[in-house]
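Taking it in order: structure first as C-alpha cells, then the write-up.
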There are 2 protein chains.
Amino acid sequence: MTRERLTAQRLTRAAAELADEIGFANVTVSALARAFAVKPAALYSHVRDLQDLRVRVAALALAELADRAASALAGRAGKDALVAFAGAYRGYAKEHPGRYAAMQIELDGIDPRGEAAQAARRHAEMTRAILRGYRLAEPDQTDAVRMLHGTFHGFVSLEIAGGFRHTPRLVDASWSRTLDALHAVLTDWPPPEAGPR
Amino acid sequence: MTRERLTAQRLTRAAAELADEIGFANVTVSALARAFAVKPAALYSHVRDLQDLRVRVAALALAELADRAASALAGRAGKDALVAFAGAYRGYAKEHPGRYAAMQIELDGIDPRGEAAQAARRHAEMTRAILRGYRLAEPDQTDAVRMLHGTFHGFVSLEIAGGFRHTPRLVDASWSRTLDALHAVLTDWPPPEAGPR
DNA sequence: TCCCATCACTTAAAGGCTTTAAGTATTTGC
DNA sequence: GCAAATACTTAAAGCCTTTAAGTGATGGGA
C-alpha cells in the first residue's frame, strides 16, 4: 500500500476542496489529516502550521480566480470586458465559497513576493485594464478600481451570506442591473463634489 | 467581594468590546470568562453556547449600527442622506472592527423575530428611505438597494482588510468619489441593457 | 548486495478550547 | 431563620494544535 506521499501542494489543494465542502472556517489540520488517512502530526513536515495552510489556500484561490478572470477578459473591451470580468468573479465565488472565504483573510503580514501578493497584483492590473476602455485619468482610475472591487466583493459576499434572500427579486437580475449602473457611471464619471440635489 | 452578577446582556457587551480589541474570531467562551475572572462553565447559564454568544454580538452590532445610521439620516434627504448614511456605516465599521466582523456571520438559520433580523430589516428600510429621494420604482429600487449595500460593505471590508493600502491615494478621497458616483448613477438610473459601447 | 542515513510518517505528550454534569455556597423568599 | 433556588466552581470527556522523539521503509554508495 504505497499511498501517495504528502506534499504542501497536495495538502493545499485538498484543503481548498475541503473548504468548499465544509466551509473555510472548518478546515483544520485534523480534518485535513483525516482526509488523507494520516495523523495530524504528519502534516507539520509539509506545512508550518494552520495559519500557513490557510494562507496557501488563499493564494491558490487568488491565483485560480486571476486565471479565470484573465480568460474571461481575453479579447473583450468596454462593457463586454466589465461584464465578463464581473461574471468570472461572481461565478468563482459561488462555485467555490470556501476558497472565496479563504481569500478574505487578512493579507496584511503576507510576503509581498509570495504567490498571494502576486495574484492580488494581477487582479488590480486586470481591473485597470477594464478601466482603460473608459479613459479615466488618475486619480479617478484608482477611485474607480476601488469602487469596482468593493462593489463586486460586497455584492457577492452579501449574496453568499444570504443577505438578499429576503426579497423575491432574482439576484441575477440585480447583478445585471448593478453592472449596467457601473458601466453608466464609468462612462460618465462625475467630477468631485457633483453637488447635492 | 460581591462582584457584579453575570447576565447575557453584560456578557454580550463585554464580548463586543473584546471583539474590537482582539478580533471577533478570538472571542471565545474562555477569553470572555477570563475577562470576568470567572470559570468558563459559568457562562453557560447565561448563554447557550459559543455560537449563541456570537449571534448575540452580531445582533448588538446590527442594532447599534442601525441606531447610528438612523441618527445620521434624521432630517436629511437626497445626496446628503446618502453621504450621511454611508459615513455612519463606514465610521462604525472602522471604530468597531470586531463588531463589524460579527455582523458578517451567516444569518441564515436566525430567528426571523429576533433582534438581529429586526435590525437587519431596519437597515433595509433606511436604505429604501434614501432611495425615495431618487424616485426609483420597483424593481429598480431593489436592485439599487442591493448595489448600495454591496458597495458599502465591499468597500469598507476591503479597506479594513488592508486591500487598499498598496496604492498611496487617500482612501477617504476614493470613498468620497465613490459616493459621488453612486449619487450620479442613482440620479440617472440606467434602463436595462443600456447597450455596450 | 548490503548497509546506513534519510525520509515520511506515527506515537506520545502538553496545553488550550468547548461543553455537560455534579457539587457547593450564597442569596432569596417566606 | 430556614428551605429552596441561584450562581458559580469543580471535574471530566473530547477535540483541537503543536512539538519532540521514535520507527520503519527507501534508496544511494561501497
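By convention here, the chains of the C-alpha cells are called A, B, ... in the order presented, each chain's residues are numbered starting at 1, and ligands are numbered starting at 1 in the order presented.
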
Exercise. Up to 8 Å from chain C, what residues of chain B turn up? Count only C-alpha atoms (C1' of nucleotides) and give them as a PyMOL selection string.
Key: chain B and resi 29-30+41

With all heavy atoms kept, could you save the residues just selected as a PDB file, in the first residue's frame?
```
ATOM      1  N   VAL B  29     -15.411  31.522  24.636  1.00  0.00           N
ATOM      2  CA  VAL B  29     -16.003  31.420  25.965  1.00  0.00           C
ATOM      3  C   VAL B  29     -14.904  31.577  27.018  1.00  0.00           C
ATOM      4  O   VAL B  29     -15.072  32.288  28.013  1.00  0.00           O
ATOM      5  CB  VAL B  29     -16.720  30.071  26.136  1.00  0.00           C
ATOM      6  CG1 VAL B  29     -17.209  29.896  27.556  1.00  0.00           C
ATOM      7  CG2 VAL B  29     -17.877  29.969  25.155  1.00  0.00           C
ATOM      8  N   SER B  30     -13.787  30.955  26.788  1.00  0.00           N
ATOM      9  CA  SER B  30     -12.678  31.032  27.736  1.00  0.00           C
ATOM     10  C   SER B  30     -12.179  32.463  27.915  1.00  0.00           C
ATOM     11  O   SER B  30     -12.004  32.928  29.040  1.00  0.00           O
ATOM     12  CB  SER B  30     -11.515  30.177  27.249  1.00  0.00           C
ATOM     13  OG  SER B  30     -11.833  28.822  27.378  1.00  0.00           O
ATOM     14  N   ALA B  41     -17.251  27.564  32.539  1.00  0.00           N
ATOM     15  CA  ALA B  41     -18.545  26.904  32.710  1.00  0.00           C
ATOM     16  C   ALA B  41     -19.623  27.855  33.211  1.00  0.00           C
ATOM     17  O   ALA B  41     -20.807  27.655  32.950  1.00  0.00           O
ATOM     18  CB  ALA B  41     -18.394  25.720  33.657  1.00  0.00           C
TER      19      ALA B  41
END
```

Same-sequence superposition of chain A onto chain B, all C-alpha, as a PDB file with C-alpha atoms, in the first residue's frame:
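Contents of the output file part18.pdb:
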```pdb
ATOM      1  CA  MET A   1     -16.473  40.969  47.325  1.00  0.00           C
ATOM      2  CA  THR A   2     -19.917  41.041  45.865  1.00  0.00           C
ATOM      3  CA  ARG A   3     -18.856  41.213  42.272  1.00  0.00           C
ATOM      4  CA  GLU A   4     -21.416  42.050  39.623  1.00  0.00           C
ATOM      5  CA  ARG A   5     -23.555  39.131  38.611  1.00  0.00           C
ATOM      6  CA  LEU A   6     -23.289  37.858  35.086  1.00  0.00           C
ATOM      7  CA  THR A   7     -26.134  38.331  32.653  1.00  0.00           C
ATOM      8  CA  ALA A   8     -26.491  37.516  28.991  1.00  0.00           C
ATOM      9  CA  GLN A   9     -26.547  41.229  28.259  1.00  0.00           C
ATOM     10  CA  ARG A  10     -23.407  42.003  30.204  1.00  0.00           C
ATOM     11  CA  LEU A  11     -21.642  39.079  28.572  1.00  0.00           C
ATOM     12  CA  THR A  12     -22.711  40.200  25.124  1.00  0.00           C
ATOM     13  CA  ARG A  13     -21.490  43.728  25.669  1.00  0.00           C
ATOM     14  CA  ALA A  14     -18.173  42.540  27.028  1.00  0.00           C
ATOM     15  CA  ALA A  15     -17.832  40.128  24.124  1.00  0.00           C
ATOM     16  CA  ALA A  16     -18.367  43.019  21.723  1.00  0.00           C
ATOM     17  CA  GLU A  17     -15.639  45.024  23.473  1.00  0.00           C
ATOM     18  CA  LEU A  18     -13.366  42.035  23.339  1.00  0.00           C
ATOM     19  CA  ALA A  19     -14.091  41.556  19.647  1.00  0.00           C
ATOM     20  CA  ASP A  20     -12.991  45.098  18.887  1.00  0.00           C
ATOM     21  CA  GLU A  21      -9.827  44.600  20.898  1.00  0.00           C
ATOM     22  CA  ILE A  22      -8.666  41.131  19.910  1.00  0.00           C
ATOM     23  CA  GLY A  23     -10.742  40.339  16.826  1.00  0.00           C
ATOM     24  CA  PHE A  24     -14.090  38.623  16.550  1.00  0.00           C
ATOM     25  CA  ALA A  25     -12.534  35.271  15.710  1.00  0.00           C
ATOM     26  CA  ASN A  26     -10.667  35.335  19.013  1.00  0.00           C
ATOM     27  CA  VAL A  27     -13.760  35.879  21.109  1.00  0.00           C
ATOM     28  CA  THR A  28     -14.116  32.582  22.936  1.00  0.00           C
ATOM     29  CA  VAL A  29     -15.980  31.424  25.983  1.00  0.00           C
ATOM     30  CA  SER A  30     -12.647  31.069  27.753  1.00  0.00           C
ATOM     31  CA  ALA A  31     -11.417  34.532  26.900  1.00  0.00           C
ATOM     32  CA  LEU A  32     -14.682  36.068  27.973  1.00  0.00           C
ATOM     33  CA  ALA A  33     -14.642  34.113  31.236  1.00  0.00           C
ATOM     34  CA  ARG A  34     -11.138  35.403  31.886  1.00  0.00           C
ATOM     35  CA  ALA A  35     -12.327  38.950  31.371  1.00  0.00           C
ATOM     36  CA  PHE A  36     -14.868  38.404  34.156  1.00  0.00           C
ATOM     37  CA  ALA A  37     -12.405  36.479  36.340  1.00  0.00           C
ATOM     38  CA  VAL A  38     -14.761  33.557  36.298  1.00  0.00           C
ATOM     39  CA  LYS A  39     -14.565  29.936  35.126  1.00  0.00           C
ATOM     40  CA  PRO A  40     -15.737  29.207  31.558  1.00  0.00           C
ATOM     41  CA  ALA A  41     -18.507  26.917  32.750  1.00  0.00           C
ATOM     42  CA  ALA A  42     -20.143  29.851  34.516  1.00  0.00           C
ATOM     43  CA  LEU A  43     -21.088  31.425  31.211  1.00  0.00           C
ATOM     44  CA  TYR A  44     -23.215  28.492  30.164  1.00  0.00           C
ATOM     45  CA  SER A  45     -25.983  29.495  32.529  1.00  0.00           C
ATOM     46  CA  HIS A  46     -26.443  32.722  30.603  1.00  0.00           C
ATOM     47  CA  VAL A  47     -25.604  31.831  27.056  1.00  0.00           C
ATOM     48  CA  ARG A  48     -26.355  28.583  25.253  1.00  0.00           C
ATOM     49  CA  ASP A  49     -22.963  28.113  23.653  1.00  0.00           C
ATOM     50  CA  LEU A  50     -20.272  29.923  21.695  1.00  0.00           C
ATOM     51  CA  GLN A  51     -22.444  30.220  18.598  1.00  0.00           C
ATOM     52  CA  ASP A  52     -25.227  31.762  20.647  1.00  0.00           C
ATOM     53  CA  LEU A  53     -22.787  34.269  22.113  1.00  0.00           C
ATOM     54  CA  ARG A  54     -21.577  35.243  18.663  1.00  0.00           C
ATOM     55  CA  VAL A  55     -25.072  35.689  17.312  1.00  0.00           C
ATOM     56  CA  ARG A  56     -25.827  37.953  20.263  1.00  0.00           C
ATOM     57  CA  VAL A  57     -22.804  40.098  19.461  1.00  0.00           C
ATOM     58  CA  ALA A  58     -23.906  40.259  15.837  1.00  0.00           C
ATOM     59  CA  ALA A  59     -27.381  41.362  16.889  1.00  0.00           C
ATOM     60  CA  LEU A  60     -25.945  44.003  19.216  1.00  0.00           C
ATOM     61  CA  ALA A  61     -23.758  45.378  16.444  1.00  0.00           C
ATOM     62  CA  LEU A  62     -26.567  45.365  13.908  1.00  0.00           C
ATOM     63  CA  ALA A  63     -28.801  47.266  16.317  1.00  0.00           C
ATOM     64  CA  GLU A  64     -26.104  49.783  17.244  1.00  0.00           C
ATOM     65  CA  LEU A  65     -25.331  50.452  13.631  1.00  0.00           C
ATOM     66  CA  ALA A  66     -28.997  50.852  12.799  1.00  0.00           C
ATOM     67  CA  ASP A  67     -29.313  53.428  15.585  1.00  0.00           C
ATOM     68  CA  ARG A  68     -26.321  55.332  14.379  1.00  0.00           C
ATOM     69  CA  ALA A  69     -27.500  55.260  10.791  1.00  0.00           C
ATOM     70  CA  ALA A  70     -30.935  56.455  11.830  1.00  0.00           C
ATOM     71  CA  SER A  71     -29.423  59.435  13.649  1.00  0.00           C
ATOM     72  CA  ALA A  72     -27.262  60.257  10.670  1.00  0.00           C
ATOM     73  CA  LEU A  73     -30.266  60.122   8.406  1.00  0.00           C
ATOM     74  CA  ALA A  74     -32.504  62.310  10.523  1.00  0.00           C
ATOM     75  CA  GLY A  75     -33.508  65.477   8.729  1.00  0.00           C
ATOM     76  CA  ARG A  76     -31.537  64.756   5.605  1.00  0.00           C
ATOM     77  CA  ALA A  77     -32.555  63.892   2.085  1.00  0.00           C
ATOM     78  CA  GLY A  78     -31.048  63.334  -1.322  1.00  0.00           C
ATOM     79  CA  LYS A  79     -27.298  63.140  -1.612  1.00  0.00           C
ATOM     80  CA  ASP A  80     -26.952  64.486   1.893  1.00  0.00           C
ATOM     81  CA  ALA A  81     -28.787  61.464   3.228  1.00  0.00           C
ATOM     82  CA  LEU A  82     -26.744  59.094   1.097  1.00  0.00           C
ATOM     83  CA  VAL A  83     -23.451  60.528   2.306  1.00  0.00           C
ATOM     84  CA  ALA A  84     -24.539  60.623   5.933  1.00  0.00           C
ATOM     85  CA  PHE A  85     -25.799  57.064   5.899  1.00  0.00           C
ATOM     86  CA  ALA A  86     -22.697  55.788   4.168  1.00  0.00           C
ATOM     87  CA  GLY A  87     -20.514  57.720   6.571  1.00  0.00           C
ATOM     88  CA  ALA A  88     -22.282  56.217   9.555  1.00  0.00           C
ATOM     89  CA  TYR A  89     -21.770  52.776   8.097  1.00  0.00           C
ATOM     90  CA  ARG A  90     -18.081  53.244   7.382  1.00  0.00           C
ATOM     91  CA  GLY A  91     -17.420  55.059  10.641  1.00  0.00           C
ATOM     92  CA  TYR A  92     -18.992  52.318  12.699  1.00  0.00           C
ATOM     93  CA  ALA A  93     -17.064  49.623  10.875  1.00  0.00           C
ATOM     94  CA  LYS A  94     -13.767  51.377  11.408  1.00  0.00           C
ATOM     95  CA  GLU A  95     -14.404  52.197  15.056  1.00  0.00           C
ATOM     96  CA  HIS A  96     -15.692  48.720  15.806  1.00  0.00           C
ATOM     97  CA  PRO A  97     -13.957  46.253  13.519  1.00  0.00           C
ATOM     98  CA  GLY A  98     -14.745  43.318  15.793  1.00  0.00           C
ATOM     99  CA  ARG A  99     -18.423  44.118  15.954  1.00  0.00           C
ATOM    100  CA  TYR A 100     -18.430  44.706  12.220  1.00  0.00           C
ATOM    101  CA  ALA A 101     -16.895  41.282  11.635  1.00  0.00           C
ATOM    102  CA  ALA A 102     -19.569  39.807  13.883  1.00  0.00           C
ATOM    103  CA  MET A 103     -22.250  41.208  11.612  1.00  0.00           C
ATOM    104  CA  GLN A 104     -20.899  39.177   8.708  1.00  0.00           C
ATOM    105  CA  ILE A 105     -21.687  35.774  10.171  1.00  0.00           C
ATOM    106  CA  GLU A 106     -24.172  33.621   8.323  1.00  0.00           C
ATOM    107  CA  LEU A 107     -27.542  34.959   9.311  1.00  0.00           C
ATOM    108  CA  ASP A 108     -29.219  32.035   7.671  1.00  0.00           C
ATOM    109  CA  GLY A 109     -30.660  30.021  10.471  1.00  0.00           C
ATOM    110  CA  ILE A 110     -31.489  33.086  12.544  1.00  0.00           C
ATOM    111  CA  ASP A 111     -34.829  33.568  14.251  1.00  0.00           C
ATOM    112  CA  PRO A 112     -36.682  35.997  11.962  1.00  0.00           C
ATOM    113  CA  ARG A 113     -38.404  37.530  14.989  1.00  0.00           C
ATOM    114  CA  GLY A 114     -35.139  38.000  16.854  1.00  0.00           C
ATOM    115  CA  GLU A 115     -33.278  41.216  17.432  1.00  0.00           C
ATOM    116  CA  ALA A 116     -30.778  40.500  14.661  1.00  0.00           C
ATOM    117  CA  ALA A 117     -33.342  40.006  11.938  1.00  0.00           C
ATOM    118  CA  GLN A 118     -35.230  43.065  13.139  1.00  0.00           C
ATOM    119  CA  ALA A 119     -32.143  45.254  12.962  1.00  0.00           C
ATOM    120  CA  ALA A 120     -31.399  43.920   9.491  1.00  0.00           C
ATOM    121  CA  ARG A 121     -34.891  44.954   8.439  1.00  0.00           C
ATOM    122  CA  ARG A 122     -34.302  48.446   9.824  1.00  0.00           C
ATOM    123  CA  HIS A 123     -31.191  48.712   7.656  1.00  0.00           C
ATOM    124  CA  ALA A 124     -33.094  47.731   4.550  1.00  0.00           C
ATOM    125  CA  GLU A 125     -35.823  50.232   5.349  1.00  0.00           C
ATOM    126  CA  MET A 126     -33.346  53.046   5.788  1.00  0.00           C
ATOM    127  CA  THR A 127     -31.664  52.253   2.526  1.00  0.00           C
ATOM    128  CA  ARG A 128     -35.055  52.393   0.828  1.00  0.00           C
ATOM    129  CA  ALA A 129     -35.714  55.696   2.565  1.00  0.00           C
ATOM    130  CA  ILE A 130     -32.586  57.138   0.994  1.00  0.00           C
ATOM    131  CA  LEU A 131     -33.692  55.927  -2.392  1.00  0.00           C
ATOM    132  CA  ARG A 132     -36.992  57.720  -2.031  1.00  0.00           C
ATOM    133  CA  GLY A 133     -35.033  60.856  -2.820  1.00  0.00           C
ATOM    134  CA  TYR A 134     -34.161  59.383  -6.185  1.00  0.00           C
ATOM    135  CA  ARG A 135     -37.647  58.334  -7.215  1.00  0.00           C
ATOM    136  CA  LEU A 136     -36.831  54.797  -8.279  1.00  0.00           C
ATOM    137  CA  ALA A 137     -39.737  52.462  -8.959  1.00  0.00           C
ATOM    138  CA  GLU A 138     -39.617  48.717  -8.374  1.00  0.00           C
ATOM    139  CA  PRO A 139     -37.817  46.617  -9.322  1.00  0.00           C
ATOM    140  CA  ASP A 140     -35.122  49.246  -9.811  1.00  0.00           C
ATOM    141  CA  GLN A 141     -35.373  50.141  -6.149  1.00  0.00           C
ATOM    142  CA  THR A 142     -34.517  46.643  -5.023  1.00  0.00           C
ATOM    143  CA  ASP A 143     -31.620  46.493  -7.464  1.00  0.00           C
ATOM    144  CA  ALA A 144     -30.338  49.812  -6.183  1.00  0.00           C
ATOM    145  CA  VAL A 145     -30.694  48.725  -2.545  1.00  0.00           C
ATOM    146  CA  ARG A 146     -28.612  45.673  -3.293  1.00  0.00           C
ATOM    147  CA  MET A 147     -26.011  47.670  -5.153  1.00  0.00           C
ATOM    148  CA  LEU A 148     -25.721  50.239  -2.370  1.00  0.00           C
ATOM    149  CA  HIS A 149     -25.479  47.626   0.333  1.00  0.00           C
ATOM    150  CA  GLY A 150     -22.914  45.707  -1.649  1.00  0.00           C
ATOM    151  CA  THR A 151     -20.822  48.745  -2.399  1.00  0.00           C
ATOM    152  CA  PHE A 152     -20.756  49.991   1.182  1.00  0.00           C
ATOM    153  CA  HIS A 153     -19.972  46.601   2.605  1.00  0.00           C
ATOM    154  CA  GLY A 154     -17.427  45.685  -0.049  1.00  0.00           C
ATOM    155  CA  PHE A 155     -15.559  48.964   0.073  1.00  0.00           C
ATOM    156  CA  VAL A 156     -15.385  49.039   3.833  1.00  0.00           C
ATOM    157  CA  SER A 157     -14.405  45.438   4.285  1.00  0.00           C
ATOM    158  CA  LEU A 158     -11.667  45.687   1.678  1.00  0.00           C
ATOM    159  CA  GLU A 159     -10.456  48.832   3.400  1.00  0.00           C
ATOM    160  CA  ILE A 160     -10.374  47.129   6.795  1.00  0.00           C
ATOM    161  CA  ALA A 161      -8.688  44.047   5.367  1.00  0.00           C
ATOM    162  CA  GLY A 162      -5.952  46.307   4.029  1.00  0.00           C
ATOM    163  CA  GLY A 163      -6.775  45.759   0.388  1.00  0.00           C
ATOM    164  CA  PHE A 164      -6.295  49.430  -0.454  1.00  0.00           C
ATOM    165  CA  ARG A 165      -3.029  49.977   1.353  1.00  0.00           C
ATOM    166  CA  HIS A 166      -0.868  49.274  -1.679  1.00  0.00           C
ATOM    167  CA  THR A 167      -1.862  52.433  -3.494  1.00  0.00           C
ATOM    168  CA  PRO A 168      -0.909  55.771  -1.976  1.00  0.00           C
ATOM    169  CA  ARG A 169      -4.199  57.538  -2.858  1.00  0.00           C
ATOM    170  CA  LEU A 170      -6.099  58.477   0.293  1.00  0.00           C
ATOM    171  CA  VAL A 171      -8.938  56.095   0.956  1.00  0.00           C
ATOM    172  CA  ASP A 172     -11.152  58.940   2.178  1.00  0.00           C
ATOM    173  CA  ALA A 173     -10.904  60.543  -1.228  1.00  0.00           C
ATOM    174  CA  SER A 174     -11.848  57.341  -3.028  1.00  0.00           C
ATOM    175  CA  TRP A 175     -14.763  56.886  -0.674  1.00  0.00           C
ATOM    176  CA  SER A 176     -15.983  60.362  -1.390  1.00  0.00           C
ATOM    177  CA  ARG A 177     -15.712  59.876  -5.137  1.00  0.00           C
ATOM    178  CA  THR A 178     -17.450  56.515  -4.879  1.00  0.00           C
ATOM    179  CA  LEU A 179     -20.355  58.262  -3.196  1.00  0.00           C
ATOM    180  CA  ASP A 180     -20.341  60.913  -5.920  1.00  0.00           C
ATOM    181  CA  ALA A 181     -20.547  58.119  -8.451  1.00  0.00           C
ATOM    182  CA  LEU A 182     -23.378  56.368  -6.629  1.00  0.00           C
ATOM    183  CA  HIS A 183     -25.275  59.620  -6.378  1.00  0.00           C
ATOM    184  CA  ALA A 184     -24.837  60.255 -10.069  1.00  0.00           C
ATOM    185  CA  VAL A 185     -25.988  56.825 -11.117  1.00  0.00           C
ATOM    186  CA  LEU A 186     -28.972  56.881  -8.789  1.00  0.00           C
ATOM    187  CA  THR A 187     -29.950  60.277 -10.130  1.00  0.00           C
ATOM    188  CA  ASP A 188     -29.932  58.916 -13.638  1.00  0.00           C
ATOM    189  CA  TRP A 189     -30.568  55.207 -13.174  1.00  0.00           C
ATOM    190  CA  PRO A 190     -29.919  53.488 -16.505  1.00  0.00           C
ATOM    191  CA  PRO A 191     -32.535  51.291 -18.162  1.00  0.00           C
ATOM    192  CA  PRO A 192     -31.762  47.555 -18.568  1.00  0.00           C
ATOM    193  CA  GLU A 193     -29.241  46.551 -21.213  1.00  0.00           C
ATOM    194  CA  ALA A 194     -28.021  50.065 -21.713  1.00  0.00           C
ATOM    195  CA  GLY A 195     -26.134  48.518 -24.591  1.00  0.00           C
ATOM    196  CA  PRO A 196     -22.385  48.005 -24.965  1.00  0.00           C
ATOM    197  CA  ARG A 197     -20.154  50.767 -26.219  1.00  0.00           C
TER     198      ARG A 197
END
```

Do you have, as a Markdown table, the list of residues of chain D lying at most 12 Å from chain B, each with its nearest atom pair and that distance in Å to one decimal, counting only C-alpha atoms (C1' of nucleotides) and ordered by chain then number?
```
| residue | atom | partner | partner_atom | distance |
| --- | --- | --- | --- | --- |
| D:DT6 | C1' | B:Ser45 | CA | 10.4 |
| D:DA7 | C1' | B:Ala42 | CA | 7.9 |
| D:DC8 | C1' | B:Ala42 | CA | 5.9 |
| D:DT9 | C1' | B:Lys39 | CA | 7.3 |
| D:DT10 | C1' | B:Lys39 | CA | 9.8 |
| D:DA11 | C1' | B:Ala41 | CA | 11.1 |
```

Output file for the residues above (all heavy atoms, as a short mmCIF file (atom, residue, chain, number, x, y, z; two decimals), in the first residue's frame):
```cif
data_model
loop_
_atom_site.label_atom_id
_atom_site.label_comp_id
_atom_site.auth_asym_id
_atom_site.auth_seq_id
_atom_site.Cartn_x
_atom_site.Cartn_y
_atom_site.Cartn_z
P DT D 6 -34.35 29.99 40.37
OP1 DT D 6 -35.16 31.02 39.71
OP2 DT D 6 -34.15 28.66 39.77
"O5'" DT D 6 -32.92 30.62 40.69
"C5'" DT D 6 -32.82 31.59 41.72
"C4'" DT D 6 -31.36 31.96 41.91
"O4'" DT D 6 -30.71 31.01 42.77
"C3'" DT D 6 -30.56 32.00 40.61
"O3'" DT D 6 -29.87 33.23 40.61
"C2'" DT D 6 -29.63 30.78 40.71
"C1'" DT D 6 -29.46 30.66 42.22
N1 DT D 6 -29.15 29.30 42.76
C2 DT D 6 -28.16 29.16 43.70
O2 DT D 6 -27.50 30.10 44.11
N3 DT D 6 -27.97 27.88 44.15
C4 DT D 6 -28.66 26.74 43.77
O4 DT D 6 -28.40 25.65 44.26
C5 DT D 6 -29.67 26.94 42.78
C7 DT D 6 -30.48 25.77 42.28
C6 DT D 6 -29.88 28.20 42.31
P DA D 7 -28.99 33.73 39.42
OP1 DA D 7 -29.07 35.22 39.36
OP2 DA D 7 -29.30 32.90 38.24
"O5'" DA D 7 -27.53 33.33 39.93
"C5'" DA D 7 -26.99 34.00 41.07
"C4'" DA D 7 -25.53 33.59 41.15
"O4'" DA D 7 -25.45 32.24 41.65
"C3'" DA D 7 -24.82 33.58 39.80
"O3'" DA D 7 -23.52 34.11 39.99
"C2'" DA D 7 -24.80 32.11 39.41
"C1'" DA D 7 -24.68 31.45 40.77
N9 DA D 7 -25.21 30.10 40.83
C8 DA D 7 -26.23 29.55 40.11
N7 DA D 7 -26.49 28.29 40.40
C5 DA D 7 -25.56 27.99 41.39
C6 DA D 7 -25.31 26.81 42.12
N6 DA D 7 -25.99 25.69 41.97
N1 DA D 7 -24.31 26.85 43.05
C2 DA D 7 -23.63 27.99 43.20
N3 DA D 7 -23.78 29.17 42.57
C4 DA D 7 -24.78 29.09 41.66
P DC D 8 -22.62 34.48 38.72
OP1 DC D 8 -22.02 35.80 38.95
OP2 DC D 8 -23.37 34.20 37.47
"O5'" DC D 8 -21.47 33.37 38.86
"C5'" DC D 8 -20.63 33.44 40.01
"C4'" DC D 8 -20.18 32.05 40.41
"O4'" DC D 8 -21.26 31.12 40.36
"C3'" DC D 8 -19.11 31.45 39.52
"O3'" DC D 8 -17.84 31.59 40.14
"C2'" DC D 8 -19.50 29.99 39.39
"C1'" DC D 8 -20.67 29.84 40.33
N1 DC D 8 -21.65 28.83 39.86
C2 DC D 8 -21.70 27.59 40.49
O2 DC D 8 -20.92 27.37 41.43
N3 DC D 8 -22.58 26.66 40.06
C4 DC D 8 -23.40 26.94 39.04
N4 DC D 8 -24.25 25.98 38.67
C5 DC D 8 -23.37 28.20 38.38
C6 DC D 8 -22.49 29.12 38.81
P DT D 9 -16.54 30.93 39.38
OP1 DT D 9 -15.37 31.73 39.81
OP2 DT D 9 -16.82 30.71 37.95
"O5'" DT D 9 -16.45 29.49 40.09
"C5'" DT D 9 -16.39 29.41 41.52
"C4'" DT D 9 -16.13 27.97 41.93
"O4'" DT D 9 -17.28 27.14 41.58
"C3'" DT D 9 -14.91 27.32 41.26
"O3'" DT D 9 -14.20 26.57 42.24
"C2'" DT D 9 -15.52 26.43 40.19
"C1'" DT D 9 -16.85 26.04 40.80
N1 DT D 9 -17.94 25.78 39.81
C2 DT D 9 -18.59 24.57 39.82
O2 DT D 9 -18.32 23.67 40.58
N3 DT D 9 -19.59 24.45 38.88
C4 DT D 9 -20.00 25.40 37.96
O4 DT D 9 -20.92 25.18 37.18
C5 DT D 9 -19.26 26.65 38.01
C7 DT D 9 -19.62 27.75 37.06
C6 DT D 9 -18.29 26.78 38.91
P DT D 10 -12.79 25.94 41.88
OP1 DT D 10 -11.93 26.18 43.05
OP2 DT D 10 -12.38 26.39 40.54
"O5'" DT D 10 -13.09 24.37 41.78
"C5'" DT D 10 -14.02 23.78 42.68
"C4'" DT D 10 -14.30 22.34 42.28
"O4'" DT D 10 -15.39 22.30 41.32
"C3'" DT D 10 -13.14 21.59 41.62
"O3'" DT D 10 -13.10 20.29 42.18
"C2'" DT D 10 -13.51 21.57 40.13
"C1'" DT D 10 -15.02 21.51 40.20
N1 DT D 10 -15.75 22.09 39.03
C2 DT D 10 -16.81 21.41 38.50
O2 DT D 10 -17.20 20.33 38.91
N3 DT D 10 -17.44 22.03 37.45
C4 DT D 10 -17.10 23.25 36.89
O4 DT D 10 -17.74 23.71 35.96
C5 DT D 10 -15.97 23.91 37.50
C7 DT D 10 -15.52 25.23 36.97
C6 DT D 10 -15.35 23.31 38.53
P DA D 11 -11.91 19.28 41.82
OP1 DA D 11 -11.73 18.44 43.01
OP2 DA D 11 -10.76 20.02 41.23
"O5'" DA D 11 -12.57 18.39 40.67
"C5'" DA D 11 -13.90 17.89 40.86
"C4'" DA D 11 -14.33 17.05 39.67
"O4'" DA D 11 -15.01 17.90 38.69
"C3'" DA D 11 -13.18 16.39 38.91
"O3'" DA D 11 -13.59 15.07 38.60
"C2'" DA D 11 -13.03 17.26 37.66
"C1'" DA D 11 -14.49 17.65 37.41
N9 DA D 11 -14.69 18.85 36.60
C8 DA D 11 -13.98 20.02 36.64
N7 DA D 11 -14.41 20.93 35.79
C5 DA D 11 -15.49 20.32 35.16
C6 DA D 11 -16.38 20.75 34.16
N6 DA D 11 -16.32 21.96 33.60
N1 DA D 11 -17.34 19.89 33.76
C2 DA D 11 -17.39 18.67 34.33
N3 DA D 11 -16.61 18.15 35.28
C4 DA D 11 -15.67 19.04 35.65
#
```

Exercise. Go through region 88-146 of chain A and collect every residue that DSSP, computed from the backbone, puts in helix (DSSP H, G or I); the answer should be as number ranges by chain.
Key: A: 88-95, 97-103, 115-132, 140-146
